[in-house]
Amino acid sequence: MAYSSERSQEARRGFLDPRTKLALVLILALFVMGGLGGEALRSIKTVLSALPFALLLVERQGKRFLRGVLMLAVGYGLLFALPYLPGVLNFIALMCGGILTRFVVTVVMGEYLIASTSVSEFISAMERLHMPQAVTIPMSVMFRLFPTIGAEWRSIRRAMRMRGIHLGGAKGTQVLEYQLVPMMTSTVRIGEELSASALTRGLGGPVRRTNICRIGFRAQDCVLLAGCLFVIAVWILEICGVALW
Amino acid sequence: MVELKHVSFRYGLGESNSEQASSLSDVSLTVRDGEFVLLTGPSGCGKTTILRLINGLIPHFYPGVVEGSVTVDGQSVQERELYETAAQVGTVFQNPRSQFYNVDTTGELAFGCENRGLPEREIYERIDGTVARFRLEKLMDRNIFRLSDGEKQKIACASVDVSGAEIILLDEPSANLDFEATLALRELIRLWRRQGKTIIAAEHRIAYLWDLIDRAVILRDGRTIRELSGKEKDTLTGETLAVMGLRSTMQEAPDQIQLPTIKEGDREIILRDFRFTYPGAGHPVFDFPELRLAAGEITAITGSNGAGKTSFLSCLCGLEKRCQGSLELDGKRYDRKARQKLCFMVMQDTGNQLFTESVLDEVLISLPKGTANEKARAVEILKQLDLGGLLERHPQSLSGGQKQRLAIACALASGRKLLLLDEPTSGLDYAHMMETAGLLRQLQGMGATVLVVTHDSELIRACCSRRLSFSPQYTGRNNK
């Protein structure tokens, strides 16, 4: 059968609209990571924390799911072990445990956003939010650069191992600097080449862009967005001193 | 029609990219509709600059002073906006890693049309048409980061094709490609030829397009020095080409060059249980129960992209925990850890393996601890490699060839006996390729064993004395 790009785009459509994902990242960052809201939101936060993990399962991102669960388990494990740890160790465990339990959930949500959203879906979503091109284009380049930075990073680490520069060696203190210099040079170069290539393909023109990717709100988006509104509503009521339960 | 009339150009301030920033003086060029013109000449001759003038990146992206006029179908490129030129002129760039805006292949093909706001239906139809003509079904809906360089370059050509540009610019598209991928690129160009597209290519590797072109324009130091068309270009001899700084026009598969892997009387390097499997793959990409290589020689490692040649080098360097084989040299056995101190790899992206703030520091950190007169020794090595005048330069500001020599200086300083190079001549002109060949022979003269992964038949002819083939029948893949 001949290839049909339209059919394949339909088949590739993500479970959620990118805008829903952005809203969820924001809510998690504010309430779970930022610790906004008091007693009334406690049980809601538990539900919120489970959300990114559920979404990773829906999109069959088993590896990311397991990594997230592991990090969270380590975090709670450390906090649980606190009473049995002496002096300095106790302090380190408290710090690590605190950071992990607070940050992991939101980081996992961010990872989910990046892993499950293509550049074109992202641009498309930003346009529907009426973001100006001056915001959308740099953000989409950043989106595109994440995997590149990862690849460059791995290549530099290998080169260092090959040349025998290790953490903890005689020159250990300088390792970070050694990594950053080639990293920045190559990222800047790649960024420049990317921009040149995108410009020769007409990015930045005054016309309204088309987007062939499929996005748009469906039932699951509505449920989750309503959930977000609900969280905000509870929080406002709490601030106003209305006791809900 | 593309027309350059008495064009001179100098890159403006802030153009630090010294390697490619070569100016033009008084260049005139007319390319008629449907013509295929090759621009060639030594590095820095200005061929990339000409392409940038035609697609409008000069002066809109790379600023500078333009004299004379550049027009596409009678319209001035300088006066028009970039996005207007984009509808007519499509460009395939040299580096397959940095010309994609999307992460997925299908989105990438649609990108140019989406930017112009074409209706969705039409974009779908165009993509499907290109996919059918270029036979890209297998590459669709894939993550671009997981494609080989050859496949990436195919996608780059396809996205130009989808955009429907009538004028196609190719900026060294074959620099990172192996022999087969280069042939595949040639086929795509032939398709465009048949459709009557106007094609302008800037290339060092001219062999794969030599018989397809209408005309070759040879440049040097920003000036046109010769134009060859029709019969003229077929009667060129190897010497004339070399004088003009050009590569060979004869295409030769590196796998067909007859060289032994090892000869009677060679000192031997014996590899045992060398096998490597990519994470998640069922079969090893190579599997050598026992492999003998010649010590003190220059061995070319050939084979197509994805045959595992680069992984082989990593395994030799002891960078792959999955490869637990051993290496024997002069009666000594080296396990994975020990090999990390025996082998030095000059990577394809040399900039990623230089870390310090000056050329001298770079060599100093490579010297073994407790070397007497560290500084004098480092300077001596740098002088041997013709880098004596650049001691205080920042490694990242060096040219590609200089970076390569600096990496080799580090290898010499670290006293490692086995030197591995990954595609040292991709994108190099004739003179620089010969320079690298000379350098490899110099290293051999100093007693090093050199293994070089390469697609470059001319480099093999110029300096290699042994060859190891990475075709499946030799690497143990299809044995069982």
# chains A, B, ... in the order shown; residues from 1 in each chain; ligands from 1

$ residues_around --residues "Glu297 (chain B)" --least-positions-apart "3" --cutoff "12 Å" --atoms "only C-alpha atoms" --output "ChimeraX atom specification"
/B:260-263,266-269,293-294,300,417-420,440-452,463-467

$ closest_atom_pairs --of "chain B" --to "chain A" --cutoff "6 Å" --atoms "only C-alpha atoms" --output "tab-separated table"
residue	atom	partner	partner_atom	distance
B:Tyr83	CA	A:Gly202	CA	4.1
B:Ala86	CA	A:Gly202	CA	5.2
B:Ser98	CA	A:Leu194	CA	5.3
B:Gln99	CA	A:Leu194	CA	5.2
B:Asn102	CA	A:Val119	CA	5.5
B:Gly112	CA	A:Arg201	CA	5.0
B:Glu114	CA	A:Thr210	CA	4.6
B:Asn115	CA	A:Arg209	CA	5.1
B:Gly117	CA	A:Arg209	CA	4.4
B:Glu120	CA	A:Ile212	CA	5.9
B:Tyr124	CA	A:Ser5	CA	5.8
B:Asp128	CA	A:Ser4	CA	5.9
B:Asn352	CA	A:Ile156	CA	5.4
B:Gln353	CA	A:Ala159	CA	5.2
B:Phe355	CA	A:Tyr178	CA	4.6

$ atom_distance --atom1 "CA of Leu109 (chain B)" --atom2 "CA of Asp141 (chain B)"
10.4 Å

$ select_by_dssp --residues "region 8-169 of chain A" --states "helix (DSSP H, G or I)" --output "VMD selection string"
chain A and resid 8 to 12 18 to 33 39 to 58 62 to 84 87 to 116 119 to 128 133 to 163

$ residues_around --residues "Ile213 (chain B)" --least-positions-apart "4" --cutoff "10 Å" --atoms "only C-alpha atoms" --output "ChimeraX atom specification"
/B:35-38,193,199-201,206,209,229-230,233

$ write_last_selection --atoms "N, CA, C and O atoms" --output "PDB file, in the first residue's frame"
ATOM      1  N   GLU B  35      19.953  23.863 -15.862  1.00  0.00           N
ATOM      2  CA  GLU B  35      21.364  23.540 -15.962  1.00  0.00           C
ATOM      3  C   GLU B  35      21.865  22.943 -14.635  1.00  0.00           C
ATOM      4  O   GLU B  35      21.319  23.232 -13.573  1.00  0.00           O
ATOM      5  N   PHE B  36      22.931  22.139 -14.715  1.00  0.00           N
ATOM      6  CA  PHE B  36      23.552  21.590 -13.513  1.00  0.00           C
ATOM      7  C   PHE B  36      25.002  22.047 -13.497  1.00  0.00           C
ATOM      8  O   PHE B  36      25.800  21.642 -14.331  1.00  0.00           O
ATOM      9  N   VAL B  37      25.322  22.935 -12.539  1.00  0.00           N
ATOM     10  CA  VAL B  37      26.661  23.509 -12.486  1.00  0.00           C
ATOM     11  C   VAL B  37      27.352  23.082 -11.192  1.00  0.00           C
ATOM     12  O   VAL B  37      26.756  23.111 -10.119  1.00  0.00           O
ATOM     13  N   LEU B  38      28.586  22.657 -11.334  1.00  0.00           N
ATOM     14  CA  LEU B  38      29.386  22.274 -10.178  1.00  0.00           C
ATOM     15  C   LEU B  38      30.365  23.388  -9.844  1.00  0.00           C
ATOM     16  O   LEU B  38      31.065  23.887 -10.725  1.00  0.00           O
ATOM     17  N   ARG B 193      17.483  16.029 -12.182  1.00  0.00           N
ATOM     18  CA  ARG B 193      17.942  16.365 -13.530  1.00  0.00           C
ATOM     19  C   ARG B 193      16.834  16.083 -14.531  1.00  0.00           C
ATOM     20  O   ARG B 193      16.533  16.895 -15.396  1.00  0.00           O
ATOM     21  N   ILE B 199      20.311  22.954 -10.855  1.00  0.00           N
ATOM     22  CA  ILE B 199      21.078  22.473  -9.706  1.00  0.00           C
ATOM     23  C   ILE B 199      22.450  23.140  -9.670  1.00  0.00           C
ATOM     24  O   ILE B 199      23.136  23.220 -10.691  1.00  0.00           O
ATOM     25  N   ILE B 200      22.810  23.648  -8.507  1.00  0.00           N
ATOM     26  CA  ILE B 200      24.156  24.192  -8.328  1.00  0.00           C
ATOM     27  C   ILE B 200      24.756  23.494  -7.117  1.00  0.00           C
ATOM     28  O   ILE B 200      24.206  23.558  -6.015  1.00  0.00           O
ATOM     29  N   ALA B 201      25.869  22.776  -7.332  1.00  0.00           N
ATOM     30  CA  ALA B 201      26.471  22.013  -6.255  1.00  0.00           C
ATOM     31  C   ALA B 201      27.861  22.535  -5.941  1.00  0.00           C
ATOM     32  O   ALA B 201      28.629  22.831  -6.845  1.00  0.00           O
ATOM     33  N   ILE B 206      34.138  15.265  -6.287  1.00  0.00           N
ATOM     34  CA  ILE B 206      33.448  15.585  -7.523  1.00  0.00           C
ATOM     35  C   ILE B 206      33.156  14.353  -8.351  1.00  0.00           C
ATOM     36  O   ILE B 206      32.363  14.394  -9.280  1.00  0.00           O
ATOM     37  N   LEU B 209      29.513  13.163  -9.214  1.00  0.00           N
ATOM     38  CA  LEU B 209      28.638  13.940 -10.095  1.00  0.00           C
ATOM     39  C   LEU B 209      29.283  14.355 -11.405  1.00  0.00           C
ATOM     40  O   LEU B 209      28.635  14.986 -12.231  1.00  0.00           O
ATOM     41  N   SER B 229      33.390  22.789 -19.739  1.00  0.00           N
ATOM     42  CA  SER B 229      32.099  22.222 -20.095  1.00  0.00           C
ATOM     43  C   SER B 229      32.298  21.126 -21.129  1.00  0.00           C
ATOM     44  O   SER B 229      33.347  21.018 -21.750  1.00  0.00           O
ATOM     45  N   GLY B 230      31.284  20.329 -21.309  1.00  0.00           N
ATOM     46  CA  GLY B 230      31.265  19.289 -22.336  1.00  0.00           C
ATOM     47  C   GLY B 230      32.533  18.465 -22.383  1.00  0.00           C
ATOM     48  O   GLY B 230      32.945  17.879 -21.390  1.00  0.00           O
ATOM     49  N   LYS B 233      35.808  18.832 -19.943  1.00  0.00           N
ATOM     50  CA  LYS B 233      35.911  18.251 -18.610  1.00  0.00           C
ATOM     51  C   LYS B 233      36.253  16.764 -18.657  1.00  0.00           C
ATOM     52  O   LYS B 233      36.750  16.221 -17.675  1.00  0.00           O
TER      53      LYS B 233
END

$ residues_around --residues "region 63-70 of chain A" --least-positions-apart "6" --cutoff "10 Å" --atoms "only C-alpha atoms" --output "number ranges by chain"
A: 52-57, 76, 104-105, 107-109, 111-112, 115

$ residues_around --residues "region 373-384 of chain B" --least-positions-apart "6" --cutoff "12 Å" --atoms "only C-alpha atoms" --output "MDAnalysis selection string"
chainID B and resid 359:367 390:392 402:403 405:415 439 442:443 446

$ write_last_selection --atoms "C-alpha atoms" --output "JSON list (two decimals), in the first residue's frame"
[["chain", "number", "residue", "atom", "x", "y", "z"],
["B", 359, "VAL", "CA", 47.09, 24.72, 22.55],
["B", 360, "LEU", "CA", 50.01, 24.31, 24.96],
["B", 361, "ASP", "CA", 47.75, 23.37, 27.92],
["B", 362, "GLU", "CA", 46.04, 20.80, 25.77],
["B", 363, "VAL", "CA", 49.32, 18.94, 25.28],
["B", 364, "LEU", "CA", 50.46, 19.50, 28.88],
["B", 365, "ILE", "CA", 47.46, 17.68, 30.34],
["B", 366, "SER", "CA", 48.20, 14.73, 28.06],
["B", 367, "LEU", "CA", 51.78, 14.20, 29.23],
["B", 390, "LEU", "CA", 50.05, 28.61, 17.88],
["B", 391, "LEU", "CA", 50.93, 27.80, 21.50],
["B", 392, "GLU", "CA", 48.64, 30.39, 23.06],
["B", 402, "GLN", "CA", 44.81, 22.29, 13.00],
["B", 403, "LYS", "CA", 42.40, 20.74, 15.52],
["B", 405, "ARG", "CA", 46.92, 17.93, 14.36],
["B", 406, "LEU", "CA", 46.49, 19.12, 17.94],
["B", 407, "ALA", "CA", 44.55, 15.98, 18.83],
["B", 408, "ILE", "CA", 47.38, 13.94, 17.33],
["B", 409, "ALA", "CA", 49.91, 15.98, 19.32],
["B", 410, "CYS", "CA", 48.01, 14.99, 22.47],
["B", 411, "ALA", "CA", 48.17, 11.38, 21.37],
["B", 412, "LEU", "CA", 51.94, 11.61, 20.93],
["B", 413, "ALA", "CA", 52.32, 13.36, 24.27],
["B", 414, "SER", "CA", 50.39, 10.63, 26.05],
["B", 415, "GLY", "CA", 52.84, 8.09, 24.62],
["B", 439, "LEU", "CA", 50.89, 13.21, 8.72],
["B", 442, "GLN", "CA", 55.01, 10.69, 9.72],
["B", 443, "LEU", "CA", 53.30, 9.00, 12.68],
["B", 446, "MET", "CA", 57.69, 7.50, 14.63]]

$ decode --residues "region 20-32 of chain B" --atoms "N, CA, C and O atoms" --output "mmCIF file, in the first residue's frame"
data_model
loop_
_atom_site.group_PDB
_atom_site.id
_atom_site.type_symbol
_atom_site.label_atom_id
_atom_site.label_comp_id
_atom_site.auth_asym_id
_atom_site.auth_seq_id
_atom_site.Cartn_x
_atom_site.Cartn_y
_atom_site.Cartn_z
ATOM 1 N N GLN B 20 35.193 28.874 7.065
ATOM 2 C CA GLN B 20 34.383 28.901 5.865
ATOM 3 C C GLN B 20 34.177 30.316 5.355
ATOM 4 O O GLN B 20 33.605 30.513 4.305
ATOM 5 N N ALA B 21 34.664 31.277 6.136
ATOM 6 C CA ALA B 21 34.393 32.644 5.769
ATOM 7 C C ALA B 21 35.398 33.112 4.739
ATOM 8 O O ALA B 21 36.397 33.724 5.060
ATOM 9 N N SER B 22 35.159 32.774 3.498
ATOM 10 C CA SER B 22 36.095 33.207 2.485
ATOM 11 C C SER B 22 35.383 34.204 1.591
ATOM 12 O O SER B 22 34.237 34.021 1.228
ATOM 13 N N SER B 23 36.099 35.268 1.241
ATOM 14 C CA SER B 23 35.458 36.335 0.495
ATOM 15 C C SER B 23 35.511 36.042 -1.008
ATOM 16 O O SER B 23 36.166 35.118 -1.454
ATOM 17 N N LEU B 24 34.782 36.849 -1.777
ATOM 18 C CA LEU B 24 34.766 36.702 -3.225
ATOM 19 C C LEU B 24 35.251 38.000 -3.843
ATOM 20 O O LEU B 24 35.020 39.072 -3.302
ATOM 21 N N SER B 25 35.948 37.903 -4.979
ATOM 22 C CA SER B 25 36.236 39.147 -5.672
ATOM 23 C C SER B 25 35.909 39.014 -7.152
ATOM 24 O O SER B 25 36.420 38.131 -7.839
ATOM 25 N N ASP B 26 34.993 39.844 -7.578
ATOM 26 C CA ASP B 26 34.596 39.970 -8.974
ATOM 27 C C ASP B 26 34.238 38.634 -9.628
ATOM 28 O O ASP B 26 34.845 38.228 -10.603
ATOM 29 N N VAL B 27 33.258 37.964 -9.068
ATOM 30 C CA VAL B 27 32.808 36.700 -9.648
ATOM 31 C C VAL B 27 31.544 36.938 -10.466
ATOM 32 O O VAL B 27 30.616 37.590 -10.003
ATOM 33 N N SER B 28 31.545 36.430 -11.698
ATOM 34 C CA SER B 28 30.330 36.473 -12.510
ATOM 35 C C SER B 28 29.959 35.049 -12.885
ATOM 36 O O SER B 28 30.827 34.250 -13.214
ATOM 37 N N LEU B 29 28.669 34.764 -12.806
ATOM 38 C CA LEU B 29 28.228 33.399 -13.083
ATOM 39 C C LEU B 29 26.778 33.442 -13.536
ATOM 40 O O LEU B 29 25.956 34.118 -12.921
ATOM 41 N N THR B 30 26.487 32.763 -14.613
ATOM 42 C CA THR B 30 25.104 32.663 -15.058
ATOM 43 C C THR B 30 24.722 31.194 -15.131
ATOM 44 O O THR B 30 25.426 30.408 -15.752
ATOM 45 N N VAL B 31 23.637 30.826 -14.461
ATOM 46 C CA VAL B 31 23.166 29.447 -14.533
ATOM 47 C C VAL B 31 21.761 29.480 -15.124
ATOM 48 O O VAL B 31 20.849 30.073 -14.559
ATOM 49 N N ARG B 32 21.626 28.865 -16.319
ATOM 50 C CA ARG B 32 20.323 28.881 -16.987
ATOM 51 C C ARG B 32 19.386 27.863 -16.352
ATOM 52 O O ARG B 32 19.816 26.930 -15.679
#
